Amino acid sequence: MSFPYKLVATDLDGTLLRGDDTVSERTRAALAAATAAGAAHIIVTGRAVPWTRHILDDLGYEGLAVCGQGAQVYHAGEHKLLTSLTLDRQLAGLALSKIEAEVGPLWLAASRDGLDGDVLVGAGYRVHEGGLPYVFVDDPAEMWTAPLNKVYIQHPELDDDALALAARAAVGNLVDVVMAGAGVVEILPLGLSKATGLSLAARRLGVKAADTIAFGDMPNDIPMFGWARHGVAMANAHDDLKAVAQEVTASNEDDGIALVLEELLRSGTEAATALH
């Protein structure tokens, strides 16, 4: 069986995962067939390791995962953090004050660094019910007492796109701002992206950007699409990502990843057969 890529990079939420946080049997089978044909599969997610690990364990996934928007490269099989980049808390505080000077008070949450780093949630910040574990903090100062990977921001009135746009304009070159999902606007270390994390992980595997197909659904996947040879947006993807994708597949609920991989495997097999 022939497959044209050496690396399959998949986002998690809205891409590999369905709405109930599961991966369909069809998608599991397609990924297994791609890896059997010689490709590595890397999960590239905005979630930090503590919010990703249980999904990787459920998948029986033992390879590398890029977590925290590229801040962490995690070895799932060894349960080991290989690299971790933290956000300069002084710069983050300055960036927040600049954003608040433009748009008014923000609601905050923060992701602590490390294999077991908690996500701390401050007053007002909206979290999805039945979602991932977090720790509520009364005192905002508590968020800044340990190293962080990123800070999440929400606004009482502005929607995600408007907040991300205003924040980006306000912070200049202090930090990066990215929209990663519904209600998820993040402040990150300057220059950090899924592309930087993925390139580190790929180098460890001896695989190049030209050998990579990437799947995603949100604006935080744009750098990854810029890095990979072929970017595939899900049908449910944000318009900004669809605009830079080479291809749009079905939604995460309708096995969009599997459809593309199955077609690549089929055409690769047919091409190999034609050569014989």
# chains A, B, ... in the order shown; residues from 1 in each chain; ligands from 1
$ select_by_dssp --residues "range 107-189 of chain A" --states "strand (DSSP E)" --output "JSON, numbers by chain"
{"A": [107, 108, 109, 110, 111, 112, 119, 120, 121, 135, 136, 148, 149, 150, 151, 152, 153, 154, 175, 176, 177, 178, 179, 180, 181, 184, 185, 186, 187, 188, 189]}
$ write_last_selection --atoms "N, CA, C and O atoms" --output "compact mmCIF listing (two decimals), in the first residue's frame"
# COMPACT_ATOMS: atom_id res chain seq x y z
N TRP A 107 -12.25 39.04 30.95
CA TRP A 107 -12.34 37.85 31.81
C TRP A 107 -11.18 36.95 31.46
O TRP A 107 -10.88 36.75 30.27
N LEU A 108 -10.52 36.39 32.48
CA LEU A 108 -9.26 35.68 32.24
C LEU A 108 -9.27 34.23 32.73
O LEU A 108 -9.94 33.88 33.69
N ALA A 109 -8.47 33.41 32.04
CA ALA A 109 -8.10 32.08 32.52
C ALA A 109 -6.64 31.89 32.12
O ALA A 109 -6.12 32.61 31.26
N ALA A 110 -5.98 30.92 32.73
CA ALA A 110 -4.56 30.70 32.42
C ALA A 110 -4.21 29.23 32.53
O ALA A 110 -4.75 28.50 33.37
N SER A 111 -3.31 28.80 31.64
CA SER A 111 -2.87 27.40 31.61
C SER A 111 -1.47 27.28 32.21
O SER A 111 -0.51 27.83 31.66
N ARG A 112 -1.35 26.59 33.34
CA ARG A 112 -0.06 26.42 33.99
C ARG A 112 0.79 25.39 33.25
O ARG A 112 0.29 24.42 32.71
N VAL A 119 -5.57 24.38 34.66
CA VAL A 119 -6.11 25.57 34.01
C VAL A 119 -6.87 26.33 35.09
O VAL A 119 -7.79 25.80 35.72
N LEU A 120 -6.44 27.57 35.33
CA LEU A 120 -7.04 28.41 36.36
C LEU A 120 -8.05 29.35 35.71
O LEU A 120 -7.74 29.98 34.69
N VAL A 121 -9.22 29.45 36.27
CA VAL A 121 -10.30 30.26 35.69
C VAL A 121 -10.72 31.34 36.68
O VAL A 121 -11.03 31.05 37.84
N VAL A 135 -9.61 24.85 37.63
CA VAL A 135 -9.64 25.28 39.02
C VAL A 135 -10.09 26.74 39.05
O VAL A 135 -9.48 27.59 38.39
N PHE A 136 -11.16 27.04 39.79
CA PHE A 136 -11.63 28.42 39.88
C PHE A 136 -10.77 29.18 40.90
O PHE A 136 -10.47 28.65 41.97
N LEU A 148 3.40 29.84 33.18
CA LEU A 148 2.21 29.63 32.34
C LEU A 148 2.60 29.36 30.90
O LEU A 148 3.62 29.86 30.41
N ASN A 149 1.78 28.55 30.21
CA ASN A 149 1.94 28.38 28.76
C ASN A 149 1.19 29.47 27.99
O ASN A 149 1.63 29.91 26.93
N LYS A 150 0.02 29.85 28.52
CA LYS A 150 -0.80 30.84 27.82
C LYS A 150 -1.85 31.40 28.76
O LYS A 150 -2.14 30.83 29.82
N VAL A 151 -2.44 32.52 28.31
CA VAL A 151 -3.54 33.14 29.03
C VAL A 151 -4.72 33.20 28.07
O VAL A 151 -4.58 33.55 26.90
N TYR A 152 -5.90 32.85 28.57
CA TYR A 152 -7.14 32.92 27.79
C TYR A 152 -7.86 34.22 28.13
O TYR A 152 -7.93 34.60 29.30
N ILE A 153 -8.42 34.88 27.12
CA ILE A 153 -9.17 36.11 27.37
C ILE A 153 -10.58 36.03 26.77
O ILE A 153 -10.78 35.43 25.71
N GLN A 154 -11.53 36.61 27.47
CA GLN A 154 -12.90 36.78 26.95
C GLN A 154 -13.35 38.19 27.28
O GLN A 154 -12.80 38.83 28.19
N VAL A 175 3.39 40.01 22.35
CA VAL A 175 2.94 38.62 22.44
C VAL A 175 2.17 38.31 21.16
O VAL A 175 1.90 39.20 20.37
N ASP A 176 1.79 37.05 20.98
CA ASP A 176 0.88 36.69 19.89
C ASP A 176 -0.52 36.47 20.45
O ASP A 176 -0.69 36.05 21.60
N VAL A 177 -1.51 36.74 19.61
CA VAL A 177 -2.91 36.52 19.98
C VAL A 177 -3.52 35.61 18.92
O VAL A 177 -3.35 35.85 17.73
N VAL A 178 -4.23 34.58 19.35
CA VAL A 178 -4.80 33.64 18.40
C VAL A 178 -6.21 33.24 18.82
O VAL A 178 -6.52 33.19 20.01
N MET A 179 -7.07 33.01 17.82
CA MET A 179 -8.42 32.50 18.08
C MET A 179 -8.39 31.00 17.81
O MET A 179 -8.09 30.57 16.70
N ALA A 180 -8.69 30.21 18.84
CA ALA A 180 -8.50 28.77 18.74
C ALA A 180 -9.80 27.97 18.79
O ALA A 180 -9.78 26.75 18.67
N GLY A 181 -10.93 28.65 18.96
CA GLY A 181 -12.20 27.94 19.05
C GLY A 181 -13.26 28.88 19.61
O GLY A 181 -12.97 30.03 19.93
N VAL A 184 -12.58 30.95 22.74
CA VAL A 184 -11.17 30.67 23.09
C VAL A 184 -10.24 31.60 22.30
O VAL A 184 -9.82 31.31 21.18
N VAL A 185 -9.92 32.76 22.92
CA VAL A 185 -8.91 33.67 22.38
C VAL A 185 -7.73 33.61 23.35
O VAL A 185 -7.92 33.73 24.57
N GLU A 186 -6.54 33.41 22.81
CA GLU A 186 -5.38 33.13 23.66
C GLU A 186 -4.24 34.11 23.44
O GLU A 186 -4.01 34.56 22.32
N ILE A 187 -3.53 34.39 24.53
CA ILE A 187 -2.28 35.16 24.47
C ILE A 187 -1.13 34.17 24.61
O ILE A 187 -1.09 33.38 25.57
N LEU A 188 -0.21 34.21 23.65
CA LEU A 188 0.89 33.23 23.57
C LEU A 188 2.23 33.95 23.50
O LEU A 188 2.30 35.12 23.13
N PRO A 189 3.33 33.23 23.79
CA PRO A 189 4.65 33.81 23.56
C PRO A 189 4.81 34.23 22.10
O PRO A 189 4.34 33.53 21.20
$ residues_around --residues "Asp58 in chain A" --least-positions-apart "5" --cutoff "10 Å" --atoms "only C-alpha atoms" --output "VMD selection string"
chain A and resid 22 to 23 53
$ write_last_selection --atoms "N, CA and C atoms" --output "PDB file, in the first residue's frame"
ATOM      1  N   THR A  22     -15.048  12.014  21.040  1.00  0.00           N
ATOM      2  CA  THR A  22     -14.611  10.684  20.613  1.00  0.00           C
ATOM      3  C   THR A  22     -14.091  10.735  19.180  1.00  0.00           C
ATOM      4  N   VAL A  23     -13.345   9.687  18.806  1.00  0.00           N
ATOM      5  CA  VAL A  23     -12.856   9.534  17.430  1.00  0.00           C
ATOM      6  C   VAL A  23     -13.583   8.338  16.826  1.00  0.00           C
ATOM      7  N   ARG A  53      -3.894  14.377  27.361  1.00  0.00           N
ATOM      8  CA  ARG A  53      -3.346  13.054  27.692  1.00  0.00           C
ATOM      9  C   ARG A  53      -4.398  11.947  27.700  1.00  0.00           C
TER      10      ARG A  53
END
$ closest_residue --among "A:Met224, A:Leu261, A:Ala237, A:Ala40" --to "Asp13 in chain A" --atoms "only C-alpha atoms"
A:Ala237
$ residues_around --residues "Leu81 in chain A" --least-positions-apart "6" --cutoff "10 Å" --atoms "only C-alpha atoms" --output "ChimeraX atom specification"
/A:49,64-65,67,72-75,114-115
$ atom_distance --atom1 "CA of Gly216 in chain A" --atom2 "CA of Leu16 in chain A"
8.4 Å
$ closest_residue --among "A:Pro147, A:Gly226, A:Gly70, A:Pro133" --to "Thr45 in chain A" --atoms "only C-alpha atoms"
A:Gly70
$ residues_around --residues "Thr212 in chain A" --least-positions-apart "2" --cutoff "8 Å" --atoms "only C-alpha atoms" --output "number ranges by chain"
A: 5-9, 207-210, 214, 228-230
$ write_last_selection --atoms "C-alpha atoms" --output "tab-separated table (two decimals), in the first residue's frame"
chain	number	residue	atom	x	y	z
A	5	TYR	CA	2.92	11.63	2.81
A	6	LYS	CA	5.29	10.70	5.64
A	7	LEU	CA	3.44	12.75	8.23
A	8	VAL	CA	-0.26	13.26	8.98
A	9	ALA	CA	-0.80	16.18	11.38
A	207	VAL	CA	10.31	14.29	8.43
A	208	LYS	CA	10.07	17.52	6.44
A	209	ALA	CA	7.27	20.01	5.80
A	210	ALA	CA	7.17	18.82	2.18
A	214	ALA	CA	-2.31	18.75	7.93
A	228	ALA	CA	2.77	21.74	5.64
A	229	ARG	CA	2.73	20.77	1.97
A	230	HIS	CA	-1.04	20.26	1.97
$ closest_residue --among "A:His128, A:Lys98, A:Gly14, A:Leu190" --to "Asn236 in chain A" --atoms "only C-alpha atoms"
A:Gly14
$ select_by_dssp --residues "range 37-275 of chain A" --states "alpha helix (DSSP H)" --output "PDB file with C-alpha atoms, in the first residue's frame"
ATOM      1  CA  VAL A  49      -0.841  18.196  27.897  1.00  0.00           C
ATOM      2  CA  PRO A  50      -3.134  17.708  30.934  1.00  0.00           C
ATOM      3  CA  TRP A  51      -6.174  18.308  28.710  1.00  0.00           C
ATOM      4  CA  THR A  52      -4.836  16.069  25.921  1.00  0.00           C
ATOM      5  CA  ARG A  53      -3.346  13.054  27.692  1.00  0.00           C
ATOM      6  CA  HIS A  54      -6.606  11.177  28.380  1.00  0.00           C
ATOM      7  CA  ILE A  55      -7.582  11.345  24.690  1.00  0.00           C
ATOM      8  CA  LEU A  56      -4.185  10.053  23.573  1.00  0.00           C
ATOM      9  CA  ASP A  57      -4.383   7.200  26.083  1.00  0.00           C
ATOM     10  CA  ASP A  58      -7.885   6.298  24.851  1.00  0.00           C
ATOM     11  CA  LEU A  59      -6.614   6.235  21.256  1.00  0.00           C
ATOM     12  CA  ARG A  89       4.323  36.714  32.726  1.00  0.00           C
ATOM     13  CA  GLN A  90       5.525  40.318  32.866  1.00  0.00           C
ATOM     14  CA  LEU A  91       5.004  40.718  29.110  1.00  0.00           C
ATOM     15  CA  ALA A  92       1.605  39.027  29.362  1.00  0.00           C
ATOM     16  CA  GLY A  93       0.544  41.428  32.113  1.00  0.00           C
ATOM     17  CA  LEU A  94       1.654  44.395  30.029  1.00  0.00           C
ATOM     18  CA  ALA A  95      -0.198  43.015  26.979  1.00  0.00           C
ATOM     19  CA  LEU A  96      -3.390  42.576  29.026  1.00  0.00           C
ATOM     20  CA  SER A  97      -3.223  46.138  30.313  1.00  0.00           C
ATOM     21  CA  LYS A  98      -2.831  47.406  26.713  1.00  0.00           C
ATOM     22  CA  ILE A  99      -5.828  45.355  25.546  1.00  0.00           C
ATOM     23  CA  GLU A 100      -7.976  46.484  28.479  1.00  0.00           C
ATOM     24  CA  ALA A 101      -7.036  50.118  27.757  1.00  0.00           C
ATOM     25  CA  GLU A 102      -8.647  49.629  24.330  1.00  0.00           C
ATOM     26  CA  VAL A 103     -11.666  47.401  25.033  1.00  0.00           C
ATOM     27  CA  ASP A 160     -14.170  36.036  19.421  1.00  0.00           C
ATOM     28  CA  ASP A 161     -13.129  37.474  16.053  1.00  0.00           C
ATOM     29  CA  ALA A 162     -13.593  41.078  17.181  1.00  0.00           C
ATOM     30  CA  LEU A 163     -11.716  40.464  20.450  1.00  0.00           C
ATOM     31  CA  ALA A 164      -8.818  38.740  18.693  1.00  0.00           C
ATOM     32  CA  LEU A 165      -8.583  41.585  16.169  1.00  0.00           C
ATOM     33  CA  ALA A 166      -8.656  44.307  18.838  1.00  0.00           C
ATOM     34  CA  ALA A 167      -6.183  42.442  21.050  1.00  0.00           C
ATOM     35  CA  ARG A 168      -3.759  41.894  18.182  1.00  0.00           C
ATOM     36  CA  ALA A 169      -3.839  45.592  17.314  1.00  0.00           C
ATOM     37  CA  ALA A 170      -3.288  46.595  20.950  1.00  0.00           C
ATOM     38  CA  VAL A 171      -0.368  44.311  21.859  1.00  0.00           C
ATOM     39  CA  LYS A 194       1.391  25.119  15.905  1.00  0.00           C
ATOM     40  CA  ALA A 195       3.898  25.376  13.041  1.00  0.00           C
ATOM     41  CA  THR A 196       6.861  25.953  15.372  1.00  0.00           C
ATOM     42  CA  GLY A 197       5.857  23.016  17.591  1.00  0.00           C
ATOM     43  CA  LEU A 198       5.141  20.754  14.625  1.00  0.00           C
ATOM     44  CA  SER A 199       8.465  21.562  12.971  1.00  0.00           C
ATOM     45  CA  LEU A 200      10.276  20.574  16.196  1.00  0.00           C
ATOM     46  CA  ALA A 201       8.370  17.294  16.434  1.00  0.00           C
ATOM     47  CA  ALA A 202       8.857  16.558  12.718  1.00  0.00           C
ATOM     48  CA  ARG A 203      12.597  17.143  13.029  1.00  0.00           C
ATOM     49  CA  ARG A 204      12.725  14.527  15.787  1.00  0.00           C
ATOM     50  CA  LEU A 205      11.081  12.093  13.354  1.00  0.00           C
ATOM     51  CA  ILE A 222      -3.243  28.741   9.730  1.00  0.00           C
ATOM     52  CA  PRO A 223       0.515  28.621  10.557  1.00  0.00           C
ATOM     53  CA  MET A 224       0.426  24.802  10.420  1.00  0.00           C
ATOM     54  CA  PHE A 225      -1.183  24.965   6.959  1.00  0.00           C
ATOM     55  CA  GLY A 226       1.512  27.436   5.918  1.00  0.00           C
ATOM     56  CA  TRP A 227       4.195  24.988   7.039  1.00  0.00           C
ATOM     57  CA  ASP A 239     -13.635  30.939   7.008  1.00  0.00           C
ATOM     58  CA  ASP A 240     -10.122  32.316   7.613  1.00  0.00           C
ATOM     59  CA  LEU A 241      -8.704  28.787   7.577  1.00  0.00           C
ATOM     60  CA  LYS A 242     -10.745  27.687   4.562  1.00  0.00           C
ATOM     61  CA  GLY A 256     -13.684  14.338   7.069  1.00  0.00           C
ATOM     62  CA  ILE A 257     -10.167  13.095   7.878  1.00  0.00           C
ATOM     63  CA  ALA A 258     -11.019   9.506   6.933  1.00  0.00           C
ATOM     64  CA  LEU A 259     -12.462  10.560   3.558  1.00  0.00           C
ATOM     65  CA  VAL A 260      -9.208  12.265   2.532  1.00  0.00           C
ATOM     66  CA  LEU A 261      -6.908   9.533   3.862  1.00  0.00           C
ATOM     67  CA  GLU A 262      -8.965   6.748   2.267  1.00  0.00           C
ATOM     68  CA  GLU A 263      -8.798   8.483  -1.120  1.00  0.00           C
ATOM     69  CA  LEU A 264      -5.022   8.987  -0.825  1.00  0.00           C
ATOM     70  CA  LEU A 265      -4.541   5.346   0.136  1.00  0.00           C
ATOM     71  CA  ARG A 266      -6.771   4.182  -2.709  1.00  0.00           C
ATOM     72  CA  SER A 267      -5.034   6.307  -5.361  1.00  0.00           C
ATOM     73  CA  GLY A 268      -1.637   5.288  -4.001  1.00  0.00           C
ATOM     74  CA  THR A 269      -2.553   1.634  -4.240  1.00  0.00           C
ATOM     75  CA  GLU A 270      -3.910   2.070  -7.777  1.00  0.00           C
ATOM     76  CA  ALA A 271      -0.742   3.884  -8.865  1.00  0.00           C
ATOM     77  CA  ALA A 272       1.432   1.133  -7.379  1.00  0.00           C
ATOM     78  CA  THR A 273      -0.665  -1.525  -9.106  1.00  0.00           C
ATOM     79  CA  ALA A 274      -0.379   0.267 -12.460  1.00  0.00           C
ATOM     80  CA  LEU A 275       3.415   0.205 -12.188  1.00  0.00           C
TER      81      LEU A 275
END
$ atom_distance --atom1 "CA of Lys80 in chain A" --atom2 "CA of Ile43 in chain A"
15.2 Å
$ residues_around --residues "Ala235 in chain A" --least-positions-apart "2" --cutoff "7 Å" --atoms "only C-alpha atoms" --output "count of residues only"
6
$ decode --residues "range 56-68 of chain A" --atoms "N, CA, C and O atoms" --output "mmCIF file, in the first residue's frame"
data_model
loop_
_atom_site.group_PDB
_atom_site.id
_atom_site.type_symbol
_atom_site.label_atom_id
_atom_site.label_comp_id
_atom_site.auth_asym_id
_atom_site.auth_seq_id
_atom_site.Cartn_x
_atom_site.Cartn_y
_atom_site.Cartn_z
ATOM 1 N N LEU A 56 -5.267 10.835 24.178
ATOM 2 C CA LEU A 56 -4.185 10.053 23.573
ATOM 3 C C LEU A 56 -4.169 8.637 24.138
ATOM 4 O O LEU A 56 -3.996 7.661 23.396
ATOM 5 N N ASP A 57 -4.362 8.523 25.450
ATOM 6 C CA ASP A 57 -4.383 7.200 26.083
ATOM 7 C C ASP A 57 -5.546 6.370 25.547
ATOM 8 O O ASP A 57 -5.395 5.176 25.264
ATOM 9 N N ASP A 58 -6.706 7.004 25.376
ATOM 10 C CA ASP A 58 -7.885 6.298 24.851
ATOM 11 C C ASP A 58 -7.646 5.809 23.412
ATOM 12 O O ASP A 58 -8.110 4.741 23.025
ATOM 13 N N LEU A 59 -6.916 6.610 22.641
ATOM 14 C CA LEU A 59 -6.614 6.235 21.256
ATOM 15 C C LEU A 59 -5.542 5.154 21.158
ATOM 16 O O LEU A 59 -5.305 4.600 20.089
ATOM 17 N N GLY A 60 -4.872 4.884 22.291
ATOM 18 C CA GLY A 60 -3.725 3.990 22.249
ATOM 19 C C GLY A 60 -2.569 4.638 21.507
ATOM 20 O O GLY A 60 -1.715 3.989 20.902
ATOM 21 N N TYR A 61 -2.529 5.973 21.554
ATOM 22 C CA TYR A 61 -1.563 6.771 20.797
ATOM 23 C C TYR A 61 -0.249 6.824 21.573
ATOM 24 O O TYR A 61 -0.227 7.217 22.739
ATOM 25 N N GLU A 62 0.857 6.444 20.916
ATOM 26 C CA GLU A 62 2.136 6.384 21.636
ATOM 27 C C GLU A 62 3.216 7.260 21.021
ATOM 28 O O GLU A 62 4.373 7.223 21.441
ATOM 29 N N GLY A 63 2.833 8.049 20.027
ATOM 30 C CA GLY A 63 3.816 8.896 19.350
ATOM 31 C C GLY A 63 3.957 10.262 20.000
ATOM 32 O O GLY A 63 3.630 10.457 21.172
ATOM 33 N N LEU A 64 4.446 11.226 19.206
ATOM 34 C CA LEU A 64 4.616 12.585 19.692
ATOM 35 C C LEU A 64 3.318 13.365 19.504
ATOM 36 O O LEU A 64 2.585 13.144 18.546
ATOM 37 N N ALA A 65 3.061 14.272 20.425
ATOM 38 C CA ALA A 65 1.925 15.187 20.285
ATOM 39 C C ALA A 65 2.433 16.597 20.536
ATOM 40 O O ALA A 65 3.268 16.820 21.422
ATOM 41 N N VAL A 66 1.955 17.521 19.725
ATOM 42 C CA VAL A 66 2.280 18.935 19.915
ATOM 43 C C VAL A 66 1.097 19.564 20.635
ATOM 44 O O VAL A 66 -0.023 19.551 20.127
ATOM 45 N N CYS A 67 1.331 20.080 21.835
ATOM 46 C CA CYS A 67 0.243 20.591 22.680
ATOM 47 C C CYS A 67 0.456 22.067 23.007
ATOM 48 O O CYS A 67 1.534 22.617 22.758
ATOM 49 N N GLY A 68 -0.579 22.677 23.584
ATOM 50 C CA GLY A 68 -0.458 24.063 24.040
ATOM 51 C C GLY A 68 -0.132 25.046 22.941
ATOM 52 O O GLY A 68 0.660 25.957 23.124
#
